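Participant: Below is one structure. I have some questions about it.
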Amino acid sequence: MNIIGLYNYWIVVVLMLIGFYIVIAHENLIKKLVGLTIFQTSVFFLYISMGKVAGATAPILDENYQIYSNPLPHVLILTAIVVGIATTALGLALVVRIYEAYGSIEENDIQVQDTHDRLECQLEAYGRQKPPTLFDQETN
Amino acid sequence: MDILLDILSWILLISGSFFTFTGAVGLFRFPDFFSRTHAASVTDTLGAGLILIGLMLQAGWGLVLAKLLLILVFSLLASTTACHAMAKAALKSGLKPLTYSDQENSAEETTSKH
Amino acid sequence: MLLSFLALTAIAITRMGDLFAVVMLSGIYSLLSASLFLDLDAVDVAFTEASVGAGISTLLFLATLKLVPRYEKKSRYKPALALGVVIVTGALLIYGTLDMPHFGDADAPVHQHVAPRYLNDSINEVGLPNVVTSVLASYRGYDTLGEVVVVFAAGIGVMSLLMVSQRTKARALTKVPADMQHQIILRIVAKMMLPLILIFALYVQFHGDYGPGGGFQAGVIFAAGIILYTMLFGLSLTQSVIKPVFVEMLTAFGVLLYSGVGIVCMILGGNYLDYDVLSHDPVHGQHLGILLIELGVGITVAAVMITLFFKFTWRTVKHKYNQ
């Protein structure tokens with residue numbers, strides 16, 4: 001009974017970890033978003049599993065049934081799903097813009113380009129007004 | 001009469017499950033995309049259809065029957081159309097169906113390699 | 001059993017490099033989780049997950065994939081560190097679950113607080129058989145208002161991120177070929193299904209008080225119908241049927257309807273979103289209030305989803321035909 005009683009939560013943990021792993025180990029931004037949705041679903045499962053009562057039925061009142069599952073988690077998760085898709089869409093729109101700006105949706109490429117740009121900017125700034133380094137002052 | 005309906009519906013349910021199962025096996029065992037689509041569509045139409053008809057016989061007259069009938073009509077329409085769209089998309093993107101001559105060629109190739 | 005399936009699908013998602021397959025698998029994952037929600041008595045949640053997760057979410061991912069490369073690059077790092085972090089977190093979480101009440105336990109703390117009140121009194125106070133709807137729209141009306149505002153805000157965010165100017169649209173449209181013109185079977189079946197989908201959405205919207213359903217699900221189904229039409233009959237035809245500006249205004253209208261109901265309640269002497277005062281009989285007032293705010297939710301969700309799809313599609317059109 002002990003093992004069966006906690007099985008749901010363990011699968012929730014496994015799903016959560018898979019989502020977590022995708023988010024931190026993969027570089028592709030779309031894949032990261034898919035990972036986030038998996039992570040999200042695992043939280044949904046956690047809530048819904050807690051709301052379930054053994055031998056109960058769906059919380060739609062009827063004279064034939066006495067025990068109902070807890071409706072509160074259902075409400076919270078129902079709205080969370082729709083909000084989740086809205087925020088995912090926002091993420092996807094950001095991915096599209098990132099691809100237009102950098103020509104890549106791999107995190108690594110984006111970072112390399114950023115570093116490159118920053119160095120170039122710095123070099124350009126130094127080129128216009130000679131940096132007064134210690135070395136220069138000594139030679140003059 | 002009730003027993004007759006029960007027996008009939010169970011026959012339908014079991015044969016529906018059988019077709020669903022063969023569809024799943026076909027999906028794994030068939031050699032190319034088009035024959036696999038064929039196997040999958042058997043699951044959609046014959047498998048799901050027979051199971052739904054079996055359930056209808058169990059449901060008796062009422063709202064549930066009407067709902068099951070609607071589900072049957074929709075799933076028949078939608079799944080066949082989806083199959084058609086998928087096969088057409090595959091053909092359009094350059095996938096050719098595996099024909100008998102292809103199989104012979106590949107068989108010859110494998111034998112010549114040995 | 002189904003949960004194990006889910007875990008397997010999720011593992012398959014991590015292994016795939018082809019993003020198209022990843023997106024399709026995540027659609028399957030959503031459908032599996034919907035059937036699991038059904039198994040756990042959460043019919044409304046299952047309905048939402050099936051329409052949102054397996055429908056709209058997959059669609060939006062595919063729309064994005066048209067704009068970005070389809071294949072993932074092989075990572076150069078060994079993911080050992082990530083794996084280590086994940087395993088340690090997992091071990092801690094599993095250790096945490098040991099104190100959880102068992103699955104299906106009727107005496108768990110979750111079921112002791114407000115749930116009995118919702119289940120026992122809502123039929124007298126609100127008068128609706130579907131407790132989820134009465135909690136969603138009446139007891140926790142503030143929450144739902146917040147969620148609708150978040151959906152609205154996300155819609156505005158996408159609109160501003162993926163803006164395409166009118167001039168570009170007009171220029172690109174002249175070059176777009178009628179893409180699906182030869183797909184006769186698809187078009188005819190879609191024509192047959194479309195009115196039924198829209199009627200079903202309205203049924204879900206207004207039957208949500210008595211059975212599973214409500215504004216969120218209905219909005220998404222309605223949007224799915226419109227999106228189907230757009231995919232098969234082209235963007236320009238759809239936009240001549242439904243003006244995009246009109247849809248964008250509807251996103252705001254839904255939120256306004258929701259909060260307006262609250263303000264009317266205040267004018268009539270009640271608290272914000274306290275529907276008892278809307279009619280002579282408190283239960284009638286609750287009915288009316290829930291009907292109105294569910295309508296507001298449905299309008300906002302449908303309009304936001306349609307707008308999201310339009311924006312992604314316009315972006316694709318712009319990139320393809322506007323060099």
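Identifiers in this document derive from the order of the structure tokens: chains are assigned A, B, ..., residues are numbered from 1 separately in each chain, and ligands are numbered from 1 in order of occurrence.
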Quick one: everything within 8 Å of Thr57 (chain A), counting only C-alpha atoms, minus sequence neighbours fewer than 4 positions away in the same chain. Send it as an mmCIF file with all heavy atoms, in the first residue's frame.

Facilitator:
data_model
loop_
_atom_site.group_PDB
_atom_site.id
_atom_site.type_symbol
_atom_site.label_atom_id
_atom_site.label_comp_id
_atom_site.auth_asym_id
_atom_site.auth_seq_id
_atom_site.Cartn_x
_atom_site.Cartn_y
_atom_site.Cartn_z
ATOM 1 N N TYR A 65 -24.885 10.228 -6.490
ATOM 2 C CA TYR A 65 -23.547 10.053 -5.930
ATOM 3 C C TYR A 65 -23.412 10.811 -4.615
ATOM 4 O O TYR A 65 -24.054 11.837 -4.411
ATOM 5 C CB TYR A 65 -22.488 10.550 -6.911
ATOM 6 C CG TYR A 65 -22.522 9.833 -8.220
ATOM 7 C CD1 TYR A 65 -23.092 10.418 -9.334
ATOM 8 C CD2 TYR A 65 -21.989 8.555 -8.322
ATOM 9 C CE1 TYR A 65 -23.144 9.753 -10.544
ATOM 10 C CE2 TYR A 65 -22.035 7.881 -9.521
ATOM 11 C CZ TYR A 65 -22.607 8.479 -10.624
ATOM 12 O OH TYR A 65 -22.647 7.814 -11.804
ATOM 13 N N ILE A 67 -19.943 10.803 -2.781
ATOM 14 C CA ILE A 67 -18.572 11.306 -2.598
ATOM 15 C C ILE A 67 -18.108 11.975 -3.887
ATOM 16 O O ILE A 67 -18.249 11.419 -4.970
ATOM 17 C CB ILE A 67 -17.606 10.161 -2.268
ATOM 18 C CG1 ILE A 67 -18.279 9.163 -1.324
ATOM 19 C CG2 ILE A 67 -16.340 10.688 -1.643
ATOM 20 C CD1 ILE A 67 -17.426 7.951 -1.104
ATOM 21 N N TYR A 68 -17.535 13.162 -3.759
ATOM 22 C CA TYR A 68 -16.977 13.854 -4.912
ATOM 23 C C TYR A 68 -15.516 14.164 -4.658
ATOM 24 O O TYR A 68 -15.096 14.334 -3.526
ATOM 25 C CB TYR A 68 -17.724 15.160 -5.170
ATOM 26 C CG TYR A 68 -19.188 14.981 -5.403
ATOM 27 C CD1 TYR A 68 -20.097 15.220 -4.391
ATOM 28 C CD2 TYR A 68 -19.649 14.550 -6.638
ATOM 29 C CE1 TYR A 68 -21.447 15.045 -4.611
ATOM 30 C CE2 TYR A 68 -20.990 14.367 -6.861
ATOM 31 C CZ TYR A 68 -21.891 14.618 -5.846
ATOM 32 O OH TYR A 68 -23.202 14.430 -6.060
ATOM 33 N N SER A 69 -14.741 14.278 -5.770
ATOM 34 C CA SER A 69 -13.362 14.716 -5.607
ATOM 35 C C SER A 69 -13.351 16.200 -5.290
ATOM 36 O O SER A 69 -14.334 16.902 -5.481
ATOM 37 C CB SER A 69 -12.571 14.442 -6.882
ATOM 38 O OG SER A 69 -12.310 13.078 -6.982
ATOM 39 N N ASP C 41 -10.849 12.108 -12.175
ATOM 40 C CA ASP C 41 -12.117 12.813 -11.918
ATOM 41 C C ASP C 41 -12.110 14.278 -12.291
ATOM 42 O O ASP C 41 -13.038 14.997 -11.963
ATOM 43 C CB ASP C 41 -12.518 12.744 -10.429
ATOM 44 C CG ASP C 41 -12.895 11.341 -10.037
ATOM 45 O OD1 ASP C 41 -13.135 10.549 -10.953
ATOM 46 O OD2 ASP C 41 -12.933 11.057 -8.840
#

Participant: Find the nearest atom pair between each residue of chain C and chain B for residues within 8 Å, count only C-alpha atoms, give distances in Å to one decimal, sort rows by chain and ascending number, and present the table as a tab-separated table.

Facilitator:
residue	atom	partner	partner_atom	distance
C:Ile185	CA	B:Thr81	CA	7.3
C:Leu186	CA	B:Thr81	CA	6.5
C:Val189	CA	B:Leu77	CA	7.3

Participant: Save the residues we just selected, N, CA and C atoms, as a short mmCIF file (atom, residue, chain, number, x, y, z; two decimals), in the first residue's frame?

Facilitator:
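Just written: selection02.cif:
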data_model
loop_
_atom_site.label_atom_id
_atom_site.label_comp_id
_atom_site.auth_asym_id
_atom_site.auth_seq_id
_atom_site.Cartn_x
_atom_site.Cartn_y
_atom_site.Cartn_z
N ILE C 185 -10.66 17.66 -50.91
CA ILE C 185 -11.28 16.84 -49.87
C ILE C 185 -11.21 17.56 -48.52
N LEU C 186 -10.02 18.08 -48.24
CA LEU C 186 -9.86 18.77 -46.96
C LEU C 186 -10.82 19.94 -46.85
N VAL C 189 -14.51 18.72 -46.32
CA VAL C 189 -14.75 18.19 -44.98
C VAL C 189 -14.71 19.32 -43.96
#

Participant: Residues within 10 Å of region 65-73 of chain B, please, as an MDAnalysis selection string. Count only C-alpha atoms; anything in the same chain fewer than 5 positions from it doesn't count.

Facilitator: chainID B and resid 45 48:53 55:60 78

Participant: Considering only C-alpha atoms, can you say which of C:Pro116, C:Gly219, C:Pro282, C:Gly146 comes closest to Leu295 (chain C)?

Facilitator: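 Ranking C:Pro116, C:Gly219, C:Pro282, C:Gly146 by distance to Leu295 (chain C), first place goes to C:Gly219.
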
Participant: Can you pull out every residue within 9 Å of Leu128 (chain C), counting only C-alpha atoms, but drop anything in the same chain fewer than 4 positions away, and send it as a PyMOL selection string?

Facilitator: (chain A and resi 60-61) or (chain C and resi 122-124+133-134+209-210+287)

Participant: Please identify the alpha helix (DSSP H) residues within region 5-88 of chain A (assignment by DSSP from backbone atoms) and present them as an MDAnalysis selection string.

Facilitator: chainID A and resid 5:25 29:51 71:88

Participant: Residues at most 10 Å from Met266 (chain C), counting only C-alpha atoms, excluding those fewer than 6 positions away in the same chain, as a PyMOL selection string?

Facilitator: chain C and resi 260+272-275+277-278

Participant: For the residues selected in the previous step, produce a file with all heavy atoms as a compact mmCIF listing (two decimals), in the first residue's frame.

Facilitator:
# COMPACT_ATOMS: atom_id res chain seq x y z
N GLY C 260 -16.68 44.69 -15.72
CA GLY C 260 -17.89 45.50 -15.70
C GLY C 260 -18.97 44.88 -14.83
O GLY C 260 -19.66 45.58 -14.08
N TYR C 272 -17.55 43.77 -4.84
CA TYR C 272 -17.09 43.55 -6.20
C TYR C 272 -17.23 42.06 -6.54
O TYR C 272 -16.81 41.20 -5.77
CB TYR C 272 -15.63 43.99 -6.30
CG TYR C 272 -15.10 44.03 -7.71
CD1 TYR C 272 -15.57 44.99 -8.60
CD2 TYR C 272 -14.17 43.13 -8.14
CE1 TYR C 272 -15.10 45.05 -9.88
CE2 TYR C 272 -13.68 43.18 -9.42
CZ TYR C 272 -14.16 44.14 -10.29
OH TYR C 272 -13.69 44.17 -11.57
N LEU C 273 -17.86 41.77 -7.68
CA LEU C 273 -18.11 40.41 -8.16
C LEU C 273 -18.99 39.59 -7.20
O LEU C 273 -18.88 38.39 -7.12
CB LEU C 273 -16.80 39.64 -8.41
CG LEU C 273 -15.96 40.11 -9.58
CD1 LEU C 273 -14.69 39.30 -9.66
CD2 LEU C 273 -16.71 39.98 -10.88
N ASP C 274 -19.86 40.28 -6.45
CA ASP C 274 -20.81 39.57 -5.60
C ASP C 274 -22.15 39.57 -6.34
O ASP C 274 -22.88 40.56 -6.34
CB ASP C 274 -20.91 40.32 -4.26
CG ASP C 274 -21.98 39.72 -3.37
OD1 ASP C 274 -22.43 38.60 -3.67
OD2 ASP C 274 -22.35 40.37 -2.38
N TYR C 275 -22.47 38.42 -6.98
CA TYR C 275 -23.58 38.43 -7.94
C TYR C 275 -24.95 38.40 -7.28
O TYR C 275 -25.95 38.48 -7.97
CB TYR C 275 -23.49 37.24 -8.90
CG TYR C 275 -22.13 37.00 -9.45
CD1 TYR C 275 -21.53 35.76 -9.37
CD2 TYR C 275 -21.44 38.04 -10.07
CE1 TYR C 275 -20.28 35.55 -9.87
CE2 TYR C 275 -20.17 37.83 -10.57
CZ TYR C 275 -19.60 36.58 -10.47
OH TYR C 275 -18.36 36.37 -10.96
N VAL C 277 -26.64 40.47 -5.80
CA VAL C 277 -27.48 41.65 -5.93
C VAL C 277 -27.97 41.87 -7.35
O VAL C 277 -28.76 42.77 -7.61
CB VAL C 277 -26.71 42.91 -5.48
CG1 VAL C 277 -26.47 42.84 -3.99
CG2 VAL C 277 -25.41 43.04 -6.22
N LEU C 278 -27.51 41.02 -8.31
CA LEU C 278 -27.85 41.27 -9.71
C LEU C 278 -29.33 41.03 -9.99
O LEU C 278 -29.86 41.50 -10.98
CB LEU C 278 -27.01 40.38 -10.62
CG LEU C 278 -25.57 40.84 -10.85
CD1 LEU C 278 -24.85 39.86 -11.74
CD2 LEU C 278 -25.54 42.21 -11.48

Participant: With only C-alpha atoms as the counted atoms, please give the residues lying no more than 7 Å from Ala154 (chain C), apart from itself and same-chain residues fewer than 2 positions off, as a ChimeraX atom specification.

Facilitator: /A:86-87,90 /C:150-152,156-158

Participant: Rounded to one decimal in Å, what is the spacing between CA of Glu294 (chain C) and CA of Gly215 (chain C)?

Facilitator: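 CA of Gly215 (chain C) lies 4.8 Å from CA of Glu294 (chain C).
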
Participant: Which residue out of C:Leu173, C:Ile188, C:Val131, C:Ile227 has the minimum interatomic distance to chain A when only C-alpha atoms are used?

Facilitator: C:Val131

Participant: Rank nothing, just name the residue among C:Lys66, C:Leu202, C:Ser35, C:Ile242 nearest to Ala54 (chain C), using only C-alpha atoms.

Facilitator: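 Checking each of C:Lys66, C:Leu202, C:Ser35, C:Ile242 against Ala54 (chain C), counting only C-alpha atoms, the winner is C:Ser35.
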
Participant: To one decimal in Å, tell me the separation between CA of Gly289 (chain C) and CA of Val261 (chain C).

Facilitator: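 About the pair CA of Gly289 (chain C) and CA of Val261 (chain C): they are 7.0 Å apart.
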
Participant: Give me, please, the distance in Å between CA of Arg167 (chain C) and CA of Val247 (chain C), quoted to one decimal.

Facilitator: 19.9 Å
